[in-house]
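A short worksheet on the structure shown next.
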Amino acid sequence: MRMRKSRKRGGSASVSIHVRDLGQMFNSFDPSPFWDRDLDRDAAGFIEDEFSDKRSADHWHLHVYAYGGTASAADLQAAIERYYERLAASKRLELREQMRVGEIALLAGVAVFSICISLRGVLQSTLHGLPRGLDEGLIVLAWIALWRPIEVLAYGWVPLYRKRRLYGRLARVQVSVRAEPKAAHDAPPAAQAPKPPLEPPASSTASTEI
């Protein structure tokens, strides 16, 4: 499998991949038909890396050049759609679960924050002043309880959201498969006439005269 750099032209971006057999685009360990088979990990990783740098393009095109193979362009198009739609759905569920956990953690953080601040006020009024270490410790604990949930809800969802959008766009990428003629160095060597068998040398006998 040979990869080529992508090209971006105006509002569209294209990526070219060269393979000996179109079947190399699919996971060889998956026994499903081509249209339902997962993509090869190396090919999928290359496609994702290249198109992730071309998010500003309005249209994406994937050109696959193959010397041969039993799979068709329709098989590859369907496989890419199903593969990335499944990944997009997985990231959507992961994002939803992370937001739900973040909201629960935020409620727990607010409760811990309220308890720490209330306890600090009660101890100050009861003891007529708190040691500096205990006073600052309660304040730090109160804010730590809120820090992680706020980080998750404010920033933690961004990578998952970007991945989900990337997979959603890859599921709609336009795929074209083009036959590529074999190079001269890939052609089988010309048949050569068999060489005639070598004749054994004439046997010599030594004679002794008495």
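Chain identifiers are assigned as A, B, and so on, following the order in which chains appear in the structure tokens; residues are numbered from 1 within each chain, and ligands are numbered from 1 in order of appearance.
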Subject >> Spatial neighbours of region 167-173 of chain A, 8 Å, only C-alpha atoms, chain gap at least 5 places, as a list in words >> reply: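 Near region 167-173 of chain A, the qualifying residues are Glu48, His59, Trp60, His61, Leu62, Ile80, Glu81, Arg82, Tyr83, Tyr84, Glu85, Leu87 and Ala88 of chain A.
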Original post:
Looking only at the backbone, which of the residues in region 16-198 of chain A does DSSP tag as alpha helix (DSSP H), as a ChimeraX atom specification?
Top reply: /A:41-52,73-127,132-151,157-170
Original post:
Using only C-alpha atoms, which residues sit within 12 Å of Arg41 (chain A) once same-chain residues fewer than 4 positions away are excluded, as a ChimeraX atom specification?
Top reply: /A:24-30,37,45-48,83
Subject >> For Gln98 (chain A): contacts at 9 Å, only C-alpha atoms, fewer than 5 positions along chain excluded, given as an MDAnalysis selection string >> reply: chainID A and resid 93 103 152:153 156:157
Generate a file of the selected residues that holds C-alpha atoms, formatted as a JSON list (two decimals), in the first residue's frame.
```json
[["chain", "number", "residue", "atom", "x", "y", "z"],
["A", 93, "LEU", "CA", -22.62, 8.04, 23.01],
["A", 103, "GLU", "CA", -23.15, 16.95, 35.54],
["A", 152, "VAL", "CA", -15.00, 18.35, 32.02],
["A", 153, "LEU", "CA", -18.11, 20.39, 31.24],
["A", 156, "GLY", "CA", -13.38, 18.00, 28.17],
["A", 157, "TRP", "CA", -16.11, 17.54, 25.57]]
```
**OP:** From the DSSP assignment of the backbone, select every residue of region 118-191 of chain A that is strand (DSSP E), and format the answer as a PyMOL selection string.
**Re:** chain A and resi 174-179
Please save C-alpha atoms of the selected residues as an mmCIF file, in the first residue's frame.
```
data_model
loop_
_atom_site.group_PDB
_atom_site.id
_atom_site.type_symbol
_atom_site.label_atom_id
_atom_site.label_comp_id
_atom_site.auth_asym_id
_atom_site.auth_seq_id
_atom_site.Cartn_x
_atom_site.Cartn_y
_atom_site.Cartn_z
ATOM 1 C CA GLN A 174 -16.865 10.800 -2.017
ATOM 2 C CA VAL A 175 -14.897 7.694 -3.006
ATOM 3 C CA SER A 176 -13.600 6.947 -6.496
ATOM 4 C CA VAL A 177 -11.664 3.846 -7.539
ATOM 5 C CA ARG A 178 -9.486 3.952 -10.622
ATOM 6 C CA ALA A 179 -7.634 1.125 -12.274
#
```
Original post:
Using only C-alpha atoms, which of A:Leu130, A:Ala142, A:Ile150, A:Leu22 sits nearest Ser72 (chain A)?
Top reply: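 Nearest candidate to Ser72 (chain A) out of A:Leu130, A:Ala142, A:Ile150, A:Leu22: A:Leu22.
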**OP:** Write out as a list in words the residues lying within 10 Å of region 134-137 of chain A, counting only C-alpha atoms and excluding same-chain residues fewer than 2 positions away.
**Re:**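 After dropping sequence-adjacent residues, the list is Cys116, Ile117, Leu119, Arg120, Gly121, Leu123, Gln124, Gly129, Leu130, Pro131, Arg132, Ile139, Val140, Leu141 and Ala142 of chain A.
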**OP:** Considering only C-alpha atoms, state which residue in the set A:Gly11, A:Leu160, A:Glu151, A:Ala105 is at the smallest distance from Arg55 (chain A).
**Re:** A:Gly11
**OP:** May I ask for the distance between CA of Ala73 (chain A) and CA of Ala13 (chain A), given in Å to one decimal place?
**Re:**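 Separation of CA of Ala73 (chain A) and CA of Ala13 (chain A): 19.1 Å.
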